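Visitor: The file below is input.cif, mmCIF, C-alpha atoms:
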```cif
data_final
#
loop_
_atom_site.label_atom_id
_atom_site.label_comp_id
_atom_site.auth_asym_id
_atom_site.auth_seq_id
_atom_site.Cartn_x
_atom_site.Cartn_y
_atom_site.Cartn_z
CA MET A 1 -7.15 92.35 -5.90
CA PRO A 2 -8.86 92.48 -2.52
CA GLY A 3 -12.42 91.75 -3.62
CA PRO A 4 -12.08 89.43 -6.58
CA ARG A 5 -9.10 87.57 -5.41
CA ASP A 6 -10.64 85.67 -4.75
CA ARG A 7 -3.80 71.51 6.71
CA SER A 8 -0.94 70.23 7.70
CA ALA A 9 2.77 70.91 7.84
CA SER A 10 3.87 73.09 4.92
CA PRO A 11 7.33 72.65 3.35
CA HIS A 12 7.70 76.45 3.29
CA GLY A 13 7.93 77.12 7.00
CA VAL A 14 4.41 77.86 8.27
CA ASN A 15 2.40 74.97 9.72
CA HIS A 16 -1.22 74.85 8.57
CA THR A 17 -3.71 72.47 10.15
CA MET A 18 -7.25 71.73 9.12
CA THR A 19 -8.37 73.57 12.27
CA LEU A 20 -7.24 76.94 10.90
CA ASP A 21 -10.15 79.08 9.78
CA ARG A 22 -9.94 80.56 6.31
CA ALA A 23 -9.44 84.12 7.55
CA THR A 24 -6.37 83.10 9.56
CA LEU A 25 -5.06 81.01 6.69
CA ARG A 26 -5.48 83.91 4.27
CA ARG A 27 -3.65 86.28 6.58
CA GLN A 28 -0.69 83.91 7.01
CA LEU A 29 -0.43 83.12 3.32
CA ARG A 30 -0.70 86.78 2.28
CA GLU A 31 2.11 87.66 4.69
CA ARG A 32 4.20 84.85 3.24
CA ARG A 33 3.47 86.00 -0.31
CA ARG A 34 4.41 89.62 0.41
CA ALA A 35 7.69 88.51 2.02
CA ILE A 36 9.04 86.97 -1.21
CA PRO A 37 12.10 89.03 -2.34
CA ALA A 38 11.80 91.12 -5.51
CA SER A 39 14.44 89.14 -7.38
CA GLU A 40 12.54 85.91 -6.74
CA ARG A 41 9.28 87.53 -7.83
CA ILE A 42 10.74 88.61 -11.16
CA ALA A 43 12.26 85.19 -11.86
CA ALA A 44 9.06 83.39 -10.84
CA ALA A 45 6.91 85.56 -13.11
CA GLN A 46 9.13 84.77 -16.08
CA ILE A 47 8.90 81.03 -15.44
CA LEU A 48 5.16 81.27 -14.85
CA ALA A 49 4.67 82.83 -18.28
CA SER A 50 6.36 79.84 -19.92
CA ARG A 51 4.26 77.39 -17.91
CA LEU A 52 1.02 79.10 -18.87
CA LEU A 53 1.91 79.23 -22.56
CA ALA A 54 2.79 75.51 -22.46
CA LEU A 55 -0.63 74.43 -21.16
CA PRO A 56 -2.15 71.82 -23.53
CA PHE A 57 -5.40 73.80 -23.78
CA PHE A 58 -3.78 77.22 -24.21
CA PRO A 59 -5.72 79.06 -26.94
CA GLN A 60 -4.06 80.62 -29.96
CA THR A 61 -7.07 82.84 -30.57
CA GLY A 62 -9.84 84.36 -28.46
CA HIS A 63 -10.09 86.18 -25.16
CA ILE A 64 -7.65 85.50 -22.32
CA ALA A 65 -8.42 87.05 -18.94
CA GLY A 66 -5.68 87.97 -16.51
CA TYR A 67 -5.54 90.40 -13.58
CA TRP A 68 -3.74 93.46 -12.27
CA ALA A 69 -1.29 92.14 -9.67
CA ALA A 70 -1.65 93.60 -6.17
CA ASP A 71 -0.84 92.66 -2.57
CA GLY A 72 2.20 90.63 -3.58
CA GLU A 73 0.44 88.56 -6.26
CA ILE A 74 2.65 87.01 -8.92
CA GLY A 75 2.88 89.33 -11.92
CA LEU A 76 1.63 88.67 -15.45
CA HIS A 77 3.73 91.26 -17.32
CA ASP A 78 5.94 88.68 -19.06
CA PHE A 79 2.90 86.57 -19.85
CA LEU A 80 1.12 89.53 -21.45
CA LEU A 81 4.13 90.34 -23.64
CA ARG A 82 4.30 86.77 -24.95
CA LEU A 83 0.64 86.17 -25.81
CA PRO A 84 -0.09 84.88 -29.33
CA ALA A 85 -1.04 87.57 -31.83
CA GLY A 86 -4.52 86.10 -32.28
CA THR A 87 -5.51 86.52 -28.65
CA SER A 88 -7.04 89.45 -26.80
CA TYR A 89 -5.94 90.14 -23.23
CA CYS A 90 -8.69 91.14 -20.82
CA LEU A 91 -8.80 92.48 -17.28
CA PRO A 92 -11.65 92.05 -14.77
CA VAL A 93 -14.18 94.80 -14.24
CA LEU A 94 -16.52 94.84 -11.22
CA ASP A 95 -20.20 94.70 -12.11
CA GLY A 96 -22.49 94.47 -9.11
CA GLU A 97 -21.42 91.28 -7.35
CA ARG A 98 -19.81 89.63 -10.37
CA LEU A 99 -16.89 90.10 -12.70
CA ARG A 100 -17.00 91.03 -16.34
CA PHE A 101 -13.94 91.41 -18.54
CA ALA A 102 -12.69 94.13 -20.85
CA PRO A 103 -9.96 93.89 -23.52
CA TRP A 104 -6.95 95.93 -22.47
CA ARG A 105 -3.55 96.85 -23.91
CA SER A 106 -0.69 98.62 -22.22
CA GLY A 107 -1.40 102.35 -22.35
CA ASP A 108 -5.20 102.00 -22.42
CA PRO A 109 -6.96 104.12 -19.76
CA LEU A 110 -7.56 102.64 -16.32
CA ALA A 111 -9.83 103.57 -13.43
CA THR A 112 -9.52 102.57 -9.78
CA ASN A 113 -12.32 100.34 -8.54
CA ARG A 114 -13.81 100.27 -5.04
CA TYR A 115 -10.91 98.13 -3.79
CA GLY A 116 -8.25 100.48 -5.12
CA ILE A 117 -7.30 98.15 -7.98
CA PRO A 118 -6.95 99.45 -11.57
CA GLU A 119 -9.44 98.16 -14.12
CA PRO A 120 -10.15 99.21 -17.73
CA ASP A 121 -11.93 102.57 -17.86
CA VAL A 122 -14.75 101.48 -20.17
CA ALA A 123 -18.52 101.38 -20.16
CA LEU A 124 -19.97 98.15 -18.76
CA SER A 125 -21.90 97.76 -22.01
CA SER A 126 -18.59 97.13 -23.78
CA THR A 127 -17.38 94.46 -21.35
CA LEU A 128 -17.71 90.70 -21.80
CA PRO A 129 -19.12 88.00 -19.50
CA ALA A 130 -16.90 85.24 -18.13
CA GLU A 131 -18.55 82.81 -20.55
CA ALA A 132 -16.95 84.71 -23.46
CA MET A 133 -13.41 84.02 -22.22
CA HIS A 134 -11.38 81.13 -23.60
CA LEU A 135 -9.05 81.05 -20.61
CA ILE A 136 -9.15 82.84 -17.25
CA VAL A 137 -5.97 83.22 -15.19
CA MET A 138 -6.90 83.73 -11.53
CA PRO A 139 -4.63 84.97 -8.72
CA LEU A 140 -4.46 82.81 -5.60
CA VAL A 141 -3.89 83.36 -1.90
CA GLY A 142 -3.49 79.62 -1.39
CA PHE A 143 -4.05 76.37 -3.25
CA ASP A 144 -3.77 72.60 -3.01
CA ALA A 145 -2.87 69.89 -5.51
CA ASN A 146 -6.55 69.04 -6.17
CA GLY A 147 -7.37 72.37 -7.76
CA GLY A 148 -8.64 73.86 -4.54
CA ARG A 149 -8.40 77.67 -4.53
CA LEU A 150 -8.22 80.07 -1.63
CA GLY A 151 -8.88 83.66 -2.70
CA MET A 152 -9.34 86.90 -0.82
CA GLY A 153 -12.73 85.83 0.50
CA GLY A 154 -15.02 88.05 -1.57
CA GLY A 155 -16.30 85.18 -3.70
CA TRP A 156 -16.00 87.14 -6.93
CA TYR A 157 -14.56 84.37 -9.09
CA ASP A 158 -16.81 81.69 -7.56
CA ARG A 159 -19.95 83.73 -8.30
CA SER A 160 -18.80 84.73 -11.77
CA LEU A 161 -17.74 81.20 -12.71
CA ALA A 162 -20.53 79.22 -11.03
CA PHE A 163 -21.65 78.00 -14.47
CA ARG A 164 -18.47 75.89 -14.66
CA GLN A 165 -19.81 73.63 -11.90
CA SER A 166 -22.32 72.20 -14.37
CA ARG A 167 -20.56 72.49 -17.72
CA PRO A 168 -17.10 71.83 -19.13
CA ALA A 169 -14.54 74.32 -20.38
CA PRO A 170 -14.15 76.77 -21.98
CA PRO A 171 -13.34 78.96 -20.30
CA TRP A 172 -10.42 77.03 -18.92
CA LEU A 173 -9.65 78.13 -15.38
CA VAL A 174 -6.05 78.40 -14.26
CA GLY A 175 -5.01 79.53 -10.80
CA VAL A 176 -1.55 81.02 -10.41
CA GLY A 177 0.69 81.83 -7.49
CA PHE A 178 4.07 81.26 -5.95
CA ASP A 179 4.98 77.75 -4.86
CA ALA A 180 5.25 79.14 -1.33
CA GLN A 181 1.45 79.52 -1.30
CA ARG A 182 0.83 75.77 -1.65
CA ILE A 183 -0.72 73.89 1.26
CA ASP A 184 -1.61 70.23 1.64
CA ALA A 185 -5.39 70.46 1.54
CA LEU A 186 -8.27 72.91 1.49
CA ASN A 187 -11.76 72.12 2.76
CA ALA A 188 -13.98 72.72 -0.26
CA GLU A 189 -17.20 74.67 0.13
CA SER A 190 -20.28 73.93 -1.99
CA TRP A 191 -19.84 77.17 -3.94
CA ASP A 192 -16.12 76.72 -4.67
CA VAL A 193 -15.26 76.43 -8.36
CA PRO A 194 -12.01 74.45 -8.70
CA ALA A 195 -9.31 75.37 -11.18
CA ASP A 196 -8.62 73.10 -14.14
CA ALA A 197 -4.92 73.69 -13.52
CA ILE A 198 -2.69 75.58 -11.14
CA CYS A 199 0.67 76.97 -12.23
CA THR A 200 3.55 78.16 -10.09
CA GLU A 201 7.21 78.78 -10.81
CA ASN A 202 7.92 75.15 -9.85
CA ALA A 203 5.01 73.07 -11.11
CA THR A 204 1.87 72.75 -13.20
CA LEU A 205 -0.87 70.83 -11.39
CA PHE A 206 -3.86 69.54 -13.36
CA HIS A 207 -7.20 68.92 -11.68
CA ASN A 208 -9.77 68.06 -14.33
CA THR A 209 -9.28 65.80 -17.34
CA ILE A 210 -7.06 67.60 -19.83
CA PRO A 211 -7.37 66.90 -23.57
CA SER A 212 -4.39 65.39 -25.35
#
```
Translate the structure described by the file into structure tokens.

Guide:
Amino acid sequence: MPGPRDRSASPHGVNHTMTLDRATLRRQLRERRRAIPASERIAAAQILASRLLALPFFPQTGHIAGYWAADGEIGLHDFLLRLPAGTSYCLPVLDGERLRFAPWRSGDPLATNRYGIPEPDVALSSTLPAEAMHLIVMPLVGFDANGGRLGMGGGWYDRSLAFRQSRPAPPWLVGVGFDAQRIDALNAESWDVPADAICTENATLFHNTIPS
């Protein structure tokens, strides 16, 4: 999702150094993400669903926010199909410079937002703030093992989730992507909101203290 989605040698073939600016890093990682073969994408999405559902803080009830995959992002179709019956799946809706979320089921009407990404075709008055979510699954352009997130550069998630810098979960924040998007380290900015966990097809990385 171009608006909201939101350095050293990488084991995946592209060398990243701390001298790379974020725009260059985004471009290289997006190219790498789009180059992943379809068969690997499908398999990775299936594994990702299992990893998300196995998170120790995964809710059995309440609102779970995902996203509409675009630009090579890892898909959430398998995840959506396997959600517990007591949960409500939500998609982001642009509201000014922040995100709100609307419950959505397959077949519900969609509208294309200013970035060309589908979002629920509902009145803003019927959408929910980020604070109402129990868990938010966020797409990544890049990430590191410390919960650092690199998005598309629009700052949508950081603005919408700024309250998490001064208060604990919920909502729990989980970044997702392909393992090929992992880099050694990201320089954090003051406005960056780290993920509580990051899930790929190969690993689950926890950042903040996770309850037993």

Visitor: Quick one: residues within 9 Å of Ala132 of chain A, only C-alpha atoms, excluding same-chain residues fewer than 5 positions away - as a list of chain:residue names?

Guide: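 Here the qualifying residues turn out to be A:Gly62, A:His63, A:Phe101, A:Pro170, A:Pro171.
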
Visitor: Generate a file of the selected residues that holds C-alpha atoms, formatted as a CSV table (one decimal), keeping the file's coordinate frame.

Guide:
```csv
chain,number,residue,atom,x,y,z
A,62,GLY,CA,-9.8,84.4,-28.5
A,63,HIS,CA,-10.1,86.2,-25.2
A,101,PHE,CA,-13.9,91.4,-18.5
A,170,PRO,CA,-14.2,76.8,-22.0
A,171,PRO,CA,-13.3,79.0,-20.3
```

Visitor: When distances are computed from all atoms listed in the file, which of A:Leu80, A:Ile136, A:Ala49, A:Val122 shows the smallest separation from Ser160 of chain A?

Guide: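 Checking each of A:Leu80, A:Ile136, A:Ala49, A:Val122 against Ser160 of chain A, counting all atoms listed in the file, the winner is A:Ile136.
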
Visitor: Given the PyMOL selection byres ((chain A and resi 123) around 12) and the file above, list the residues it selects as a ChimeraX atom specification.

Guide: /A:93-95,100-103,109-111,119-122,124-128

Visitor: Excluding Pro168 of chain A and its own-chain neighbours fewer than 2 positions away, which residues fall within 12 Å of it when counting all atoms listed in the file? Please give them as JSON, numbers by chain.

Guide: {"A": [131, 134, 161, 162, 163, 164, 165, 166, 170, 171, 172, 173, 193, 194, 195, 196, 208, 209, 210, 211]}

Visitor: Have a look at atom CA of Arg30 of chain A and atom CA of Gly96 of chain A and let me know their distance in Å, one decimal.

Guide: 25.8 Å

Visitor: Pick out the closest residue to Gly116 of chain A from this set: A:Asp71, A:Asp179, A:Glu201, A:Glu31. Count all atoms listed in the file.

Guide: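 Checking each candidate against Gly116 of chain A, we get A:Asp71 as the closest.
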
Visitor: Between atom CA of Pro59 of chain A and atom CA of Thr200 of chain A, what distance in Å does the model show, to one decimal?

Guide: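 Rounded to one decimal, the two atoms are 19.3 Å apart.
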